[in-house]
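Below is one structure, written out as C-alpha cells, with a few remarks after it.
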Amino acid sequence: MLKRAGGFARRNAIAIVALFVALGGTSYAAFGVPINSVGSSQIRNGAIPSSKLTLGNKNYLRLGFGAPAAAILAKPALAGSTSVSPNTSPGSTLNVTGNTWTQAANTSDIAFGVASVTVPSACTSARLNAYVGNELVASGRVTSGNSGNAQTIGLRPEGGILTGGQTAQTLTVKAVNGCATDITVASLNLSIAGFK
C-alpha cells in the first residue's frame, strides 16, 4: 500500500505541490488580507450579490455618487435671538454667522436646516427664507399659532445653487412677519451641502 502511495506521489509531484500552493494562497486570502485593502478594481463584476447590500448601499450605487458624494460646506447660524416686527416680503434680514463658502466648479449646493420661532396665537403668516443673491434656496413656514410658545420649523431646500466655475457664495436669511405683533426667531441652524 505504501509502495503504491509513493509511486502515486512521484508521478503526481507537481500536481501535489500546486495543490498545496493553491490551498496556502486561499488561507492567506482568508486570514492575511489587511482591512480596507480591497478596492473596486480588485472585485470582479457580479462578485457581490444584491442580497449582500443594504438599501442604503443600493441607493448610493443607483445615484452614481463618487466618494465623497456630498460634503457640508458651511453651517450658517443665527447670531442671537431676534425680534422681528410685522413686515412684508421679502422680509427683515437676520444676522447670520458662518454664511459664506466657496462653491466648487460644476457642483450643485443646497441649503436646509431648522429654526425655533415664537409667534402670536393663531398667526400662521410667518416664514423664514434663505437666499443666495436673489435666488430662494430654502424656506420654512409657521403652520400653526403657538400662543407665545416656541415651535421648531424646518427649512427645506427650494432650489440648488449651480455655477460653472468656483464661486464665493454668501447666504442671507430673511424673516417675513405677517402677524399683528412681533415674532421671535430664537435660533436658526442651516447646513450648506455640496454635491458633485
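A note on labels: chains of the C-alpha cells are A, B, ... as shown, every chain counts residues from 1, and ligands are counted from 1 in their shown order.
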
DSSP strand (DSSP E) residues within range 66-184 of chain A, as JSON, numbers by chain: {"A": [70, 71, 72, 73, 74, 77, 78, 82, 83, 84, 92, 93, 96, 97, 100, 101, 102, 103, 108, 109, 110, 111, 112, 113, 114, 115, 116, 117, 118, 126, 127, 128, 129, 130, 131, 132, 135, 136, 137, 138, 139, 140, 141, 150, 151, 152, 153, 154, 155, 156, 157, 161, 162, 167, 168, 169, 170, 171, 172, 173, 174, 175, 176, 177, 183, 184]}

Tell me which protein, DNA and RNA residues are within 6 Å of Lys174 in chain A, counting only C-alpha atoms, leaving out same-chain ones fewer than 2 positions away, and put them as a ChimeraX atom specification. /A:91-94,128-129

Considering only C-alpha atoms, state which residue in the set A:Leu136, A:Cys179, A:Arg11, A:Gln166 is at the smallest distance from Ala105 in chain A. A:Gln166

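Residue nearest Pro86 in chain A, chosen from A:Asn189, A:Cys123, A:Val137, A:Phe195 and counting only C-alpha atoms: A:Cys123.
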
Residue neighbourhood range 180-186 of chain A, 7 Å, only C-alpha atoms, exclusion window fewer than 6 positions, as JSON, numbers by chain: {"A": [81, 82, 83, 84, 85, 86, 116, 117, 118, 119]}

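You can rank A:Leu162, A:Ile48, A:Ile110, A:Ile43 by their closest distance to Ile72 in chain A using only C-alpha atoms, and at the top of that list sits A:Ile110.
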
Here is a test: counting only C-alpha atoms, which residue of A:Ala111, A:Gly178, A:Thr97, A:Val132 is nearest to Ala71 in chain A? A:Ala111

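CA of Ala70 in chain A is positioned 21.4 Å from CA of Glu135 in chain A.
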
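Once Ser125 in chain A and its same-chain neighbours fewer than 5 positions away are set aside, Arg141, Val142, Thr143, Val176, Asn177, Gly178 and Cys179 of chain A remain within 9 Å of it when counting only C-alpha atoms.
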
Using N, CA and C atoms, can you export the residues from the last selection as a compact mmCIF listing (two decimals), in the first residue's frame?
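And here's selection.txt as it stands now:
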# COMPACT_ATOMS: atom_id res chain seq x y z
N ARG A 141 -42.01 77.61 6.93
CA ARG A 141 -43.22 78.37 7.22
C ARG A 141 -43.80 77.94 8.56
N VAL A 142 -44.28 78.91 9.33
CA VAL A 142 -45.01 78.62 10.56
C VAL A 142 -46.38 78.10 10.14
N THR A 143 -46.76 76.92 10.63
CA THR A 143 -48.01 76.30 10.20
C THR A 143 -49.11 76.39 11.24
N VAL A 176 -40.11 86.89 7.31
CA VAL A 176 -41.32 87.57 6.87
C VAL A 176 -42.36 87.42 7.99
N ASN A 177 -42.83 88.55 8.53
CA ASN A 177 -43.78 88.55 9.64
C ASN A 177 -45.09 89.18 9.18
N GLY A 178 -46.08 88.34 8.90
CA GLY A 178 -47.41 88.83 8.54
C GLY A 178 -48.35 88.83 9.72
N CYS A 179 -47.82 88.65 10.93
CA CYS A 179 -48.64 88.64 12.14
C CYS A 179 -48.90 90.08 12.58

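Nearest to Gln103 in chain A of all the residues A:Gly164, A:Gly133, A:Pro90, A:Gly145 is A:Gly164, counting only C-alpha atoms.
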
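Straight-line separation from CA of Ser139 in chain A to CA of Gly80 in chain A: 19.3 Å.
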
Between CA of Gly140 in chain A and CA of Pro76 in chain A - distance in Å to one decimal: 15.2 Å

Let's see if you can do this: from backbone DSSP, list all alpha helix (DSSP H) residues in range 57-184 of chain A, as a ChimeraX atom specification. /A:57-63

With N, CA and C atoms retained, could you export that selection as a PDB file, in the first residue's frame?
ATOM      1  N   ASN A  57     -26.815  51.084   0.634  1.00  0.00           N
ATOM      2  CA  ASN A  57     -25.777  50.797  -0.363  1.00  0.00           C
ATOM      3  C   ASN A  57     -26.345  50.837  -1.771  1.00  0.00           C
ATOM      4  N   LYS A  58     -27.514  50.233  -1.937  1.00  0.00           N
ATOM      5  CA  LYS A  58     -28.130  50.172  -3.266  1.00  0.00           C
ATOM      6  C   LYS A  58     -28.484  51.569  -3.767  1.00  0.00           C
ATOM      7  N   ASN A  59     -29.068  52.391  -2.904  1.00  0.00           N
ATOM      8  CA  ASN A  59     -29.428  53.749  -3.308  1.00  0.00           C
ATOM      9  C   ASN A  59     -28.186  54.558  -3.658  1.00  0.00           C
ATOM     10  N   TYR A  60     -27.108  54.394  -2.874  1.00  0.00           N
ATOM     11  CA  TYR A  60     -25.852  55.086  -3.131  1.00  0.00           C
ATOM     12  C   TYR A  60     -25.322  54.727  -4.521  1.00  0.00           C
ATOM     13  N   LEU A  61     -25.368  53.439  -4.846  1.00  0.00           N
ATOM     14  CA  LEU A  61     -24.859  52.985  -6.141  1.00  0.00           C
ATOM     15  C   LEU A  61     -25.765  53.425  -7.284  1.00  0.00           C
ATOM     16  N   ARG A  62     -27.091  53.407  -7.073  1.00  0.00           N
ATOM     17  CA  ARG A  62     -28.026  53.827  -8.121  1.00  0.00           C
ATOM     18  C   ARG A  62     -27.821  55.287  -8.496  1.00  0.00           C
ATOM     19  N   LEU A  63     -27.534  56.132  -7.498  1.00  0.00           N
ATOM     20  CA  LEU A  63     -27.363  57.548  -7.760  1.00  0.00           C
ATOM     21  C   LEU A  63     -26.036  57.859  -8.438  1.00  0.00           C
TER      22      LEU A  63
END
